[in-house]
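Here is structure.cif, consisting of mmCIF, C-alpha atoms:
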data_target
#
loop_
_atom_site.label_atom_id
_atom_site.label_comp_id
_atom_site.auth_asym_id
_atom_site.auth_seq_id
_atom_site.Cartn_x
_atom_site.Cartn_y
_atom_site.Cartn_z
CA MET A 1137 37.85 -70.47 32.87
CA ASP A 1138 35.71 -72.60 35.23
CA LEU A 1139 33.72 -75.80 35.08
CA GLU A 1140 30.37 -74.33 34.12
CA ALA A 1141 30.45 -76.47 30.95
CA VAL A 1142 29.84 -80.09 32.00
CA PRO A 1143 30.33 -83.01 29.56
CA THR A 1144 26.95 -84.24 28.35
CA ARG A 1145 28.02 -87.81 28.91
CA PHE A 1146 27.80 -87.19 32.66
CA ALA A 1147 24.13 -86.36 32.16
CA CYS A 1148 23.75 -89.68 30.33
CA SER A 1149 24.94 -91.63 33.38
CA LEU A 1150 22.29 -89.93 35.53
CA LEU A 1151 19.51 -90.55 32.97
CA ASN A 1152 20.52 -94.21 32.68
CA LEU A 1153 20.36 -94.52 36.46
CA ALA A 1154 16.83 -93.09 36.44
CA ALA A 1155 15.84 -95.42 33.58
CA GLU A 1156 17.10 -98.44 35.54
CA ARG A 1157 14.65 -97.47 38.30
CA GLY A 1158 11.76 -97.14 35.83
CA TYR A 1159 11.64 -93.35 35.35
CA GLU A 1160 11.24 -91.77 31.91
CA HIS A 1161 13.65 -88.99 31.12
CA GLN A 1162 11.69 -86.31 29.24
CA SER A 1163 10.08 -84.67 32.27
CA ILE A 1164 13.44 -84.77 34.07
CA LEU A 1165 15.12 -83.02 31.14
CA ASN A 1166 12.36 -80.41 30.97
CA LEU A 1167 12.77 -79.47 34.62
CA ALA A 1168 16.54 -79.29 34.19
CA GLY A 1169 16.15 -76.92 31.23
CA ILE A 1170 17.88 -79.31 28.80
CA ALA A 1171 16.24 -79.00 25.37
CA PHE A 1172 17.78 -82.08 23.73
CA ASN A 1173 18.18 -85.77 24.48
CA PRO A 1174 21.68 -86.38 25.90
CA LEU A 1175 21.28 -90.10 25.20
CA ASN A 1176 21.01 -89.51 21.44
CA LYS A 1177 23.83 -87.59 19.71
CA ARG A 1178 21.55 -87.18 16.68
CA SER A 1179 18.91 -85.47 18.79
CA PRO A 1180 17.93 -82.01 17.45
CA GLY A 1181 19.99 -79.36 19.19
CA TYR A 1182 22.41 -81.89 20.71
CA GLN A 1183 25.37 -80.31 22.51
CA ALA A 1184 28.57 -81.86 23.82
CA THR A 1185 28.24 -79.94 27.09
CA ILE A 1186 25.54 -78.58 29.40
CA SER A 1187 25.76 -75.81 32.00
CA ALA A 1188 26.69 -76.37 35.63
CA MET A 1189 23.21 -75.30 36.71
CA GLN A 1190 21.52 -77.68 34.22
CA TYR A 1191 23.65 -80.55 35.45
CA SER A 1192 22.95 -79.69 39.08
CA LYS A 1193 19.19 -79.57 38.47
CA LEU A 1194 19.34 -82.90 36.65
CA TYR A 1195 21.50 -84.41 39.38
CA GLN A 1196 19.22 -83.28 42.20
CA GLN A 1197 16.10 -84.61 40.46
CA VAL A 1198 17.55 -88.04 39.73
CA MET A 1199 19.01 -88.42 43.21
CA SER A 1200 15.64 -87.46 44.67
CA LEU A 1201 13.88 -90.04 42.50
CA VAL A 1202 16.23 -92.86 43.41
CA GLN A 1203 16.33 -91.63 47.02
CA ASP A 1204 20.07 -91.46 47.19
CA GLU A 1205 22.66 -88.68 47.31
CA ALA A 1206 25.51 -89.55 44.97
CA PHE A 1207 28.28 -87.92 43.08
CA GLY A 1208 28.00 -90.16 40.04
CA PHE A 1209 30.03 -87.75 37.95
CA MET A 1210 33.18 -88.21 40.02
CA LEU A 1211 36.12 -89.37 37.93
CA GLY A 1212 33.80 -90.36 35.10
CA LYS A 1213 33.74 -93.85 36.67
CA ASN A 1214 30.63 -95.93 37.33
CA LEU A 1215 30.62 -95.34 41.05
CA THR A 1216 27.85 -96.73 43.17
CA PRO A 1217 25.14 -94.14 43.93
CA GLY A 1218 25.85 -92.77 47.38
CA ALA A 1219 29.58 -93.55 47.29
CA PHE A 1220 30.80 -89.99 47.32
CA ARG A 1221 28.25 -89.01 49.96
CA MET A 1222 29.38 -91.80 52.28
CA MET A 1223 33.03 -90.98 51.67
CA CYS A 1224 32.33 -87.37 52.70
CA TYR A 1225 30.78 -88.47 55.99
CA CYS A 1226 33.74 -90.78 56.59
CA LEU A 1227 36.29 -87.99 56.28
CA ILE A 1228 34.49 -84.86 57.52
CA SER A 1229 35.63 -85.45 61.12
CA CYS A 1230 39.32 -85.71 60.14
CA GLU A 1231 41.68 -83.30 61.83
CA ASN A 1232 43.33 -81.98 58.68
CA LEU A 1233 43.43 -82.28 54.89
CA GLY A 1234 46.19 -84.89 54.90
CA SER A 1235 44.15 -87.22 57.10
CA ALA A 1236 41.04 -86.58 54.99
CA ILE A 1237 42.80 -87.47 51.72
CA LYS A 1238 44.25 -90.65 53.26
CA ARG A 1239 40.78 -91.67 54.43
CA ALA A 1240 39.34 -90.98 50.97
CA CYS A 1241 42.08 -93.15 49.47
CA GLU A 1242 41.26 -95.94 51.90
CA PHE A 1243 37.55 -95.68 51.08
CA PHE A 1244 38.09 -96.06 47.34
CA ARG A 1245 40.74 -98.75 47.80
CA THR A 1246 38.27 -100.78 49.86
CA PHE A 1247 35.34 -100.64 47.44
CA TYR A 1248 36.69 -100.06 43.91
CA ASP A 1249 39.21 -101.44 41.45
CA ALA A 1250 42.44 -99.69 40.52
CA ASP A 1251 40.98 -97.44 37.80
CA ALA A 1252 38.59 -95.79 40.27
CA GLN A 1253 40.99 -95.48 43.19
CA ILE A 1254 42.67 -92.24 44.26
CA TYR A 1255 46.04 -92.06 45.96
CA LEU A 1256 48.27 -89.66 47.87
CA ASP A 1257 52.05 -89.61 47.56
CA THR A 1258 54.47 -87.20 49.23
CA ARG A 1259 57.97 -86.40 48.00
CA LYS A 1260 60.03 -83.80 49.85
CA ASP A 1261 57.80 -80.71 49.92
CA SER A 1262 55.29 -81.91 47.30
CA ALA A 1263 52.01 -83.79 47.75
CA ILE A 1264 50.71 -85.68 44.71
CA VAL A 1265 47.07 -86.71 44.36
CA GLY A 1266 45.80 -88.67 41.38
CA TYR A 1267 43.76 -91.63 40.29
CA GLY A 1268 43.77 -94.52 37.88
CA SER A 1269 46.31 -97.26 37.26
CA VAL A 1270 49.75 -96.44 35.87
CA LYS A 1271 49.86 -96.54 32.07
CA LYS A 1272 53.48 -97.46 31.37
CA GLY A 1273 54.49 -96.89 27.77
CA PHE A 1274 50.89 -96.16 26.81
CA ALA A 1275 50.33 -93.40 24.26
CA GLY A 1276 46.78 -92.55 25.25
CA PRO A 1277 44.22 -90.45 23.43
CA GLN A 1278 44.07 -86.70 23.70
CA VAL A 1279 43.01 -85.22 27.01
CA ASP A 1280 39.37 -84.14 26.81
CA VAL A 1281 37.09 -82.05 28.99
CA ALA A 1282 36.07 -85.10 31.04
CA ASP A 1283 39.69 -85.67 32.11
CA LEU A 1284 40.01 -81.99 32.93
CA TYR A 1285 36.77 -82.09 34.89
CA GLY A 1286 37.77 -85.06 37.04
CA LEU A 1287 41.01 -83.57 38.36
CA SER A 1288 39.60 -80.10 38.83
CA ILE A 1289 36.60 -81.36 40.83
CA TRP A 1290 38.87 -83.24 43.24
CA HIS A 1291 41.05 -80.15 43.62
CA ARG A 1292 38.02 -77.94 44.28
CA PHE A 1293 36.62 -80.44 46.78
CA PHE A 1294 39.85 -80.32 48.78
CA CYS A 1295 39.73 -76.51 48.63
CA TRP A 1296 36.18 -76.62 49.98
CA LEU A 1297 37.21 -78.91 52.84
CA VAL A 1298 39.83 -76.46 54.12
CA GLY A 1299 38.00 -73.30 53.07
CA SER A 1300 41.00 -72.03 51.14
CA ASN A 1301 42.39 -72.20 47.63
CA ILE A 1302 45.13 -74.82 47.30
CA GLU A 1303 47.67 -73.44 44.86
CA LEU A 1304 48.86 -76.15 42.48
CA LYS A 1305 52.47 -76.61 41.43
CA GLU A 1306 51.69 -78.66 38.33
CA VAL A 1307 49.08 -80.93 36.75
CA ARG A 1308 49.82 -84.14 34.82
CA PHE A 1309 47.60 -86.02 32.38
CA ALA A 1310 48.10 -89.52 30.98
CA GLY A 1311 46.46 -88.38 27.74
CA GLN A 1312 48.14 -86.42 25.01
CA ALA A 1313 47.98 -82.63 24.68
CA PRO A 1314 44.80 -81.27 23.06
CA VAL A 1315 44.99 -79.90 19.54
CA GLY A 1316 45.41 -76.15 19.29
CA LYS A 1317 47.35 -73.60 21.32
CA ALA A 1318 44.13 -72.00 22.57
CA ARG A 1319 42.92 -75.20 24.29
CA VAL A 1320 46.36 -75.85 25.78
CA ALA A 1321 46.36 -72.31 27.16
CA LYS A 1322 42.83 -72.70 28.59
CA TYR A 1323 43.78 -75.91 30.39
CA GLN A 1324 46.75 -74.18 31.98
CA GLU A 1325 44.59 -71.16 32.84
CA LEU A 1326 42.08 -73.36 34.65
CA PHE A 1327 44.67 -74.85 36.99
CA GLY A 1328 46.94 -71.80 37.20
CA CYS A 1329 50.09 -73.89 36.87
CA PRO A 1330 52.14 -75.83 34.29
CA VAL A 1331 50.24 -78.75 32.71
CA TYR A 1332 52.08 -81.81 31.34
CA TYR A 1333 50.78 -84.54 29.02
CA GLY A 1334 51.70 -88.15 28.23
CA GLN A 1335 52.41 -88.83 31.91
CA LEU A 1336 51.89 -92.07 33.86
CA ARG A 1337 48.42 -91.03 35.08
CA ASP A 1338 46.19 -88.08 35.88
CA GLU A 1339 47.36 -86.22 38.99
CA PHE A 1340 48.01 -82.82 40.50
CA VAL A 1341 50.84 -81.58 42.73
CA PHE A 1342 50.72 -79.07 45.59
CA ASP A 1343 52.82 -78.04 48.56
CA THR A 1344 52.76 -80.43 51.54
CA ARG A 1345 52.01 -77.52 53.90
CA TYR A 1346 48.37 -77.72 52.81
CA LEU A 1347 48.12 -81.25 54.24
CA GLY A 1348 48.26 -79.72 57.72
CA TYR A 1349 45.35 -77.32 57.06
CA PRO A 1350 42.42 -78.15 59.40
CA LEU A 1351 39.02 -78.99 57.91
CA VAL A 1352 36.64 -76.07 58.42
CA HIS A 1353 33.38 -77.98 57.91
CA ASN A 1354 31.25 -80.34 59.97
CA GLU A 1355 28.30 -82.67 59.35
CA ARG A 1356 25.83 -79.80 59.26
CA THR A 1357 27.70 -77.80 56.62
CA LEU A 1358 28.42 -81.03 54.73
CA LYS A 1359 24.69 -81.74 54.61
CA ASP A 1360 24.10 -78.25 53.19
CA PHE A 1361 26.88 -78.83 50.67
CA LEU A 1362 25.47 -82.16 49.50
CA ARG A 1363 21.98 -80.67 49.20
CA ALA A 1364 23.25 -78.10 46.68
CA ALA A 1365 25.84 -80.37 45.07
CA PRO A 1366 27.50 -80.43 42.70
CA TYR A 1367 26.85 -76.76 41.93
CA PRO A 1368 29.07 -75.26 44.70
CA LEU A 1369 32.17 -77.02 43.36
CA MET A 1370 31.45 -76.29 39.73
CA VAL A 1371 31.19 -72.53 40.19
CA MET A 1372 33.90 -72.23 42.82
CA SER A 1373 36.47 -69.63 41.89
CA GLY A 1374 39.80 -71.04 40.87
CA SER A 1375 41.58 -67.78 41.55
CA ARG A 1376 44.56 -67.77 43.85
CA ASP A 1377 43.89 -66.37 47.27
CA ASP A 1378 47.08 -67.50 49.04
CA GLY A 1379 45.02 -69.10 51.80
CA SER A 1380 43.51 -65.83 53.02
CA LEU A 1381 41.29 -65.90 56.07
CA VAL A 1382 38.57 -64.12 54.07
CA ALA A 1383 38.47 -66.98 51.55
CA ARG A 1384 38.21 -69.57 54.33
CA VAL A 1385 35.37 -67.75 56.10
CA ARG A 1386 33.51 -67.26 52.80
CA ALA A 1387 33.80 -71.00 52.11
CA MET A 1388 32.33 -71.79 55.53
CA ILE A 1389 29.43 -69.38 55.00
CA GLY A 1390 28.58 -71.24 51.79
CA HIS A 1391 25.84 -70.77 49.17
CA ASP A 1392 22.58 -72.01 50.73
CA PHE A 1393 21.06 -69.85 53.46
CA SER A 1394 17.60 -71.40 53.64
CA GLN A 1395 18.51 -72.81 57.07
CA GLY A 1396 20.20 -69.61 58.23
CA PHE A 1397 23.81 -68.49 58.47
CA PRO A 1398 26.54 -70.28 60.39
CA SER A 1399 27.07 -68.37 63.61
CA PHE A 1400 30.16 -66.31 64.30
CA GLU A 1401 30.83 -68.56 67.31
CA ARG A 1402 30.74 -71.73 65.18
CA ILE A 1403 33.19 -70.24 62.69
CA THR A 1404 35.61 -69.14 65.41
CA ALA A 1405 35.45 -72.64 66.90
CA ALA A 1406 36.10 -74.28 63.51
CA LEU A 1407 39.09 -72.00 62.94
CA ASN A 1408 40.31 -72.58 66.51
CA MET A 1409 40.44 -68.82 66.94
CA SER A 1410 39.03 -66.43 69.54
CA ALA A 1411 36.32 -63.96 68.53
CA PRO A 1412 38.54 -60.86 69.05
CA THR A 1413 41.33 -62.47 67.01
CA LEU A 1414 39.01 -63.30 64.11
CA ARG A 1415 37.55 -59.78 64.10
CA ARG A 1416 41.02 -58.25 64.20
CA ARG A 1417 42.34 -60.44 61.36
CA LEU A 1418 39.28 -59.82 59.18
CA LYS A 1419 39.68 -56.09 59.76
CA LYS A 1420 43.32 -56.38 58.73
CA GLU A 1421 42.14 -57.95 55.46
CA GLY A 1422 39.73 -55.04 54.99
CA THR A 1423 36.38 -56.59 55.89
CA THR A 1424 34.03 -57.75 58.65
CA PHE A 1425 32.00 -60.89 59.26
CA GLN A 1426 28.76 -59.05 58.46
CA GLN A 1427 30.21 -57.74 55.22
CA LEU A 1428 31.29 -61.24 54.21
CA LYS A 1429 27.80 -62.59 54.93
CA ASP A 1430 26.26 -59.89 52.74
CA GLU A 1431 28.73 -60.56 49.93
CA CYS A 1432 28.14 -64.33 50.04
CA ARG A 1433 24.38 -63.80 50.01
CA ARG A 1434 24.64 -61.38 47.09
CA ASP A 1435 26.93 -63.64 45.03
CA ALA A 1436 24.77 -66.71 45.68
CA ALA A 1437 21.60 -64.81 44.75
CA MET A 1438 23.16 -63.66 41.47
CA ALA A 1439 24.22 -67.22 40.66
CA TYR A 1440 20.80 -68.72 41.40
CA LEU A 1441 18.99 -66.00 39.44
CA GLY A 1442 20.93 -67.24 36.42
CA ASN A 1443 18.80 -70.38 36.53
CA SER A 1444 15.52 -69.56 34.79
CA GLU A 1445 13.92 -72.68 36.30
CA LEU A 1446 14.06 -71.10 39.76
CA SER A 1447 11.38 -68.50 40.49
CA ILE A 1448 12.49 -65.28 42.16
CA ASN A 1449 10.54 -66.29 45.28
CA ALA A 1450 12.39 -69.62 45.29
CA VAL A 1451 15.72 -67.79 45.13
CA ALA A 1452 14.56 -65.56 47.99
CA ALA A 1453 13.83 -68.68 50.07
CA LEU A 1454 17.28 -70.12 49.28
CA MET A 1455 18.76 -66.86 50.51
CA GLY A 1456 16.87 -67.21 53.81
CA PHE A 1457 14.24 -64.52 53.18
CA THR A 1458 10.75 -65.39 54.41
CA ASP A 1459 9.44 -62.14 52.90
CA PRO A 1460 10.17 -61.88 49.13
CA SER A 1461 9.81 -58.10 49.26
CA ALA A 1462 12.71 -57.95 51.74
CA PHE A 1463 14.81 -59.93 49.26
CA HIS A 1464 13.91 -57.45 46.50
CA ARG A 1465 15.01 -54.53 48.68
CA CYS A 1466 18.28 -56.15 49.70
CA PHE A 1467 19.13 -57.28 46.17
CA LYS A 1468 18.54 -53.78 44.82
CA LYS A 1469 20.77 -52.40 47.57
CA TRP A 1470 23.49 -54.88 46.56
CA THR A 1471 23.31 -54.45 42.78
CA ALA A 1472 21.19 -51.32 42.04
CA MET A 1473 18.80 -53.66 40.19
CA THR A 1474 15.75 -55.65 41.23
CA PRO A 1475 16.02 -59.46 40.92
CA GLY A 1476 13.79 -59.33 37.84
CA GLU A 1477 15.89 -56.61 36.20
CA TYR A 1478 19.07 -58.55 36.94
CA ARG A 1479 17.62 -61.72 35.43
CA VAL A 1480 16.71 -59.86 32.22
CA TYR A 1481 20.17 -58.27 32.13
CA GLU A 1482 21.87 -61.65 32.52
CA ARG A 1483 19.72 -63.26 29.83
CA GLU A 1484 20.40 -60.46 27.34
CA SER A 1485 24.13 -60.34 28.07
CA HIS A 1486 24.45 -64.08 27.29
CA SER A 1487 22.19 -64.11 24.24
#
Show how you would write the structure in this file as structure tokens.
Amino acid sequence: MDLEAVPTRFACSLLNLAAERGYEHQSILNLAGIAFNPLNKRSPGYQATISAMQYSKLYQQVMSLVQDEAFGFMLGKNLTPGAFRMMCYCLISCENLGSAIKRACEFFRTFYDADAQIYLDTRKDSAIVGYGSVKKGFAGPQVDVADLYGLSIWHRFFCWLVGSNIELKEVRFAGQAPVGKARVAKYQELFGCPVYYGQLRDEFVFDTRYLGYPLVHNERTLKDFLRAAPYPLMVMSGSRDDGSLVARVRAMIGHDFSQGFPSFERITAALNMSAPTLRRRLKKEGTTFQQLKDECRRDAAMAYLGNSELSINAVAALMGFTDPSAFHRCFKKWTAMTPGEYRVYERESHS
């Protein structure tokens, strides 16, 4: 289970932001591939969720219109447009994850009230990250997908910062358990750890060793990340990788190759590792840097081809191909299908 189903109410916040600036929403919805009005639950074809790609297209359009890069969906709170972007630039130069989380906490503590603040607490060998004020003796409503989304996005963002999956020990929600064993099982599957309900607030717990992990990104890769956001986080694999070097290098390579690939030298510098050492360790894990680049390019191309609003030539450009025919050849080498054949296959398999 991943976050490819985004609560429609997050789309509403973006549409309201556009409306406040004088933009009508129908053309925005059309370009995002959303066939109903998220602002009207009685709209024909209304759905409680939209896809990650639809949300990302909507997000990118609205942020372009209002000339601001924001993560308005974060925590489901009414954060100021640009807040998440500025927080990212404040923490990207931190030495390690622990310092980055503390700086994020300070950022939100400075500008927002208690319900929108995040915090970090450490107890013995456990680090606890959560948000919201403590709800003592409060029997809250059932946990819904928006609550799930908020915690998982923060977790995935921290994983992106260090280029490695952060294995969770447990997840706690202030709300009550959802109805049905299937939903309870899916929530636990998403986080890969025990999930508890009726707790003081929403938070997740992981081993303190991760706090010492160095950040593997810089302002350039952050800019690339924000340009494609929030899609990279929403389709990020939640599978456990035990902090493998392969996973960290793949995270640094990223999803958008329109500006080229990060150099081998930049990656070795970010990992504080010599070139021979990195090659040797990648070989030990059964791969090479070139192979990882090809795999990242292939996986990103397959993901972008799933968006019918993007032309095949546009996907080729995102993959860094100036010649679309070269993209066709490479994609067929990767998948034994042309981009067009793969797009038809994907559409039919999900119909």
For CA of Glu1339 in chain A and CA of Phe1309 in chain A, the interatomic separation in Å (one decimal):
6.6 Å
Taking the file as I've supplied it (selection: the PyMOL selection byres ((chain A and resi 1183-1187) around 10)), which residues are included? Please answer as JSON, numbers by chain.
{"A": [1139, 1140, 1141, 1142, 1143, 1144, 1145, 1146, 1147, 1169, 1170, 1171, 1172, 1173, 1174, 1177, 1178, 1179, 1180, 1181, 1182, 1188, 1189, 1190, 1191, 1192, 1193, 1281, 1370, 1443]}
Would you list the residues near (40.2, -61.4, 53.6) (no more than 9 Å away, in the coordinates of the file, using all atoms listed in the file) as a PyMOL selection string?
chain A and resi 1377+1380-1386+1417-1424+1428
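As for CA of Phe1397 in chain A and CA of Asn1449 in chain A, they are spaced 18.8 Å apart.
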Enclose all atoms of range 1347-1362 of chain A listed in the file in an axis-aligned box, grow every side by 3 Å, and hand back centre and edge lengths in Å to one decimal, as AutoDock Vina command-line options.
--center_x 36.2 --center_y -79.4 --center_z 54.7 --size_x 30.2 --size_y 12.6 --size_z 16.5
Would you compute the distance between CA of Met1409 in chain A and CA of Glu1231 in chain A? Give it in Å to one decimal.
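Between these atoms lies a distance of 15.4 Å.
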Name the residues captured by the PyMOL selection byres ((chain A and resi 1404) around 12) when it is applied to the shown file; answer as a ChimeraX atom specification.
/A:1352-1353,1381,1384-1385,1388,1398-1403,1405-1415,1417-1418,1425
Mind dumping the selected residues with C-alpha atoms as an mmCIF file, in the coordinates of the input?
data_model
loop_
_atom_site.group_PDB
_atom_site.id
_atom_site.type_symbol
_atom_site.label_atom_id
_atom_site.label_comp_id
_atom_site.auth_asym_id
_atom_site.auth_seq_id
_atom_site.Cartn_x
_atom_site.Cartn_y
_atom_site.Cartn_z
ATOM 1 C CA VAL A 1352 36.640 -76.070 58.420
ATOM 2 C CA HIS A 1353 33.380 -77.980 57.910
ATOM 3 C CA LEU A 1381 41.290 -65.900 56.070
ATOM 4 C CA ARG A 1384 38.210 -69.570 54.330
ATOM 5 C CA VAL A 1385 35.370 -67.750 56.100
ATOM 6 C CA MET A 1388 32.330 -71.790 55.530
ATOM 7 C CA PRO A 1398 26.540 -70.280 60.390
ATOM 8 C CA SER A 1399 27.070 -68.370 63.610
ATOM 9 C CA PHE A 1400 30.160 -66.310 64.300
ATOM 10 C CA GLU A 1401 30.830 -68.560 67.310
ATOM 11 C CA ARG A 1402 30.740 -71.730 65.180
ATOM 12 C CA ILE A 1403 33.190 -70.240 62.690
ATOM 13 C CA ALA A 1405 35.450 -72.640 66.900
ATOM 14 C CA ALA A 1406 36.100 -74.280 63.510
ATOM 15 C CA LEU A 1407 39.090 -72.000 62.940
ATOM 16 C CA ASN A 1408 40.310 -72.580 66.510
ATOM 17 C CA MET A 1409 40.440 -68.820 66.940
ATOM 18 C CA SER A 1410 39.030 -66.430 69.540
ATOM 19 C CA ALA A 1411 36.320 -63.960 68.530
ATOM 20 C CA PRO A 1412 38.540 -60.860 69.050
ATOM 21 C CA THR A 1413 41.330 -62.470 67.010
ATOM 22 C CA LEU A 1414 39.010 -63.300 64.110
ATOM 23 C CA ARG A 1415 37.550 -59.780 64.100
ATOM 24 C CA ARG A 1417 42.340 -60.440 61.360
ATOM 25 C CA LEU A 1418 39.280 -59.820 59.180
ATOM 26 C CA PHE A 1425 32.000 -60.890 59.260
#
Can you write out as a Markdown table which residues of range 1268-1347 of chain A fall within 12 Å of range 1253-1261 of chain A, alongside each residue's closest atom pair and its distance in Å to one decimal, counting all atoms listed in the file and ordering rows by chain and ascending residue number?
| residue | atom | partner | partner_atom | distance |
| --- | --- | --- | --- | --- |
| A:Gly1268 | CA | A:Gln1253 | CA | 6.1 |
| A:Ser1269 | CA | A:Gln1253 | CA | 8.2 |
| A:Val1270 | CA | A:Gln1253 | CA | 11.5 |
| A:Gly1286 | CA | A:Ile1254 | CA | 11.3 |
| A:Leu1287 | CA | A:Ile1254 | CA | 10.6 |
| A:Trp1290 | CA | A:Ile1254 | CA | 9.8 |
| A:Lys1305 | CA | A:Asp1261 | CA | 10.8 |
| A:Arg1337 | CA | A:Ile1254 | CA | 10.9 |
| A:Asp1338 | CA | A:Ile1254 | CA | 10.0 |
| A:Glu1339 | CA | A:Tyr1255 | CA | 9.2 |
| A:Phe1340 | CA | A:Leu1256 | CA | 10.1 |
| A:Val1341 | CA | A:Thr1258 | CA | 9.3 |
| A:Phe1342 | CA | A:Asp1261 | CA | 8.5 |
| A:Asp1343 | CA | A:Asp1261 | CA | 5.8 |
| A:Thr1344 | CA | A:Asp1261 | CA | 5.3 |
| A:Arg1345 | CA | A:Asp1261 | CA | 7.7 |
| A:Tyr1346 | CA | A:Asp1261 | CA | 10.3 |
| A:Leu1347 | CA | A:Thr1258 | CA | 10.0 |
For Asn1354 in chain A, the closest of A:Pro1277, A:Gly1311, A:Gly1299, A:Pro1330 counting only C-alpha atoms is A:Gly1299
Go through the shown structure with the PyMOL selection byres ((chain A and resi 1451) around 10) and write out the matching residues as an MDAnalysis selection string.
chainID A and resid 1392 1394 1436:1441 1443 1446:1450 1452:1457 1460 1463 1475
Please identify every residue of range 1269-1330 of chain A that has at least one atom no farther than 12 Å from an atom of range 1224-1230 of chain A, counting only C-alpha atoms, and for each give the shortest atom pair and the distance in Å to one decimal, arranged by chain then increasing number, as JSON lines.
{"residue": "A:Phe1293", "atom": "CA", "partner": "A:Cys1224", "partner_atom": "CA", "distance": 10.1}
{"residue": "A:Phe1294", "atom": "CA", "partner": "A:Cys1224", "partner_atom": "CA", "distance": 11.0}
{"residue": "A:Trp1296", "atom": "CA", "partner": "A:Ile1228", "partner_atom": "CA", "distance": 11.3}
{"residue": "A:Leu1297", "atom": "CA", "partner": "A:Ile1228", "partner_atom": "CA", "distance": 8.0}
{"residue": "A:Val1298", "atom": "CA", "partner": "A:Ile1228", "partner_atom": "CA", "distance": 10.5}
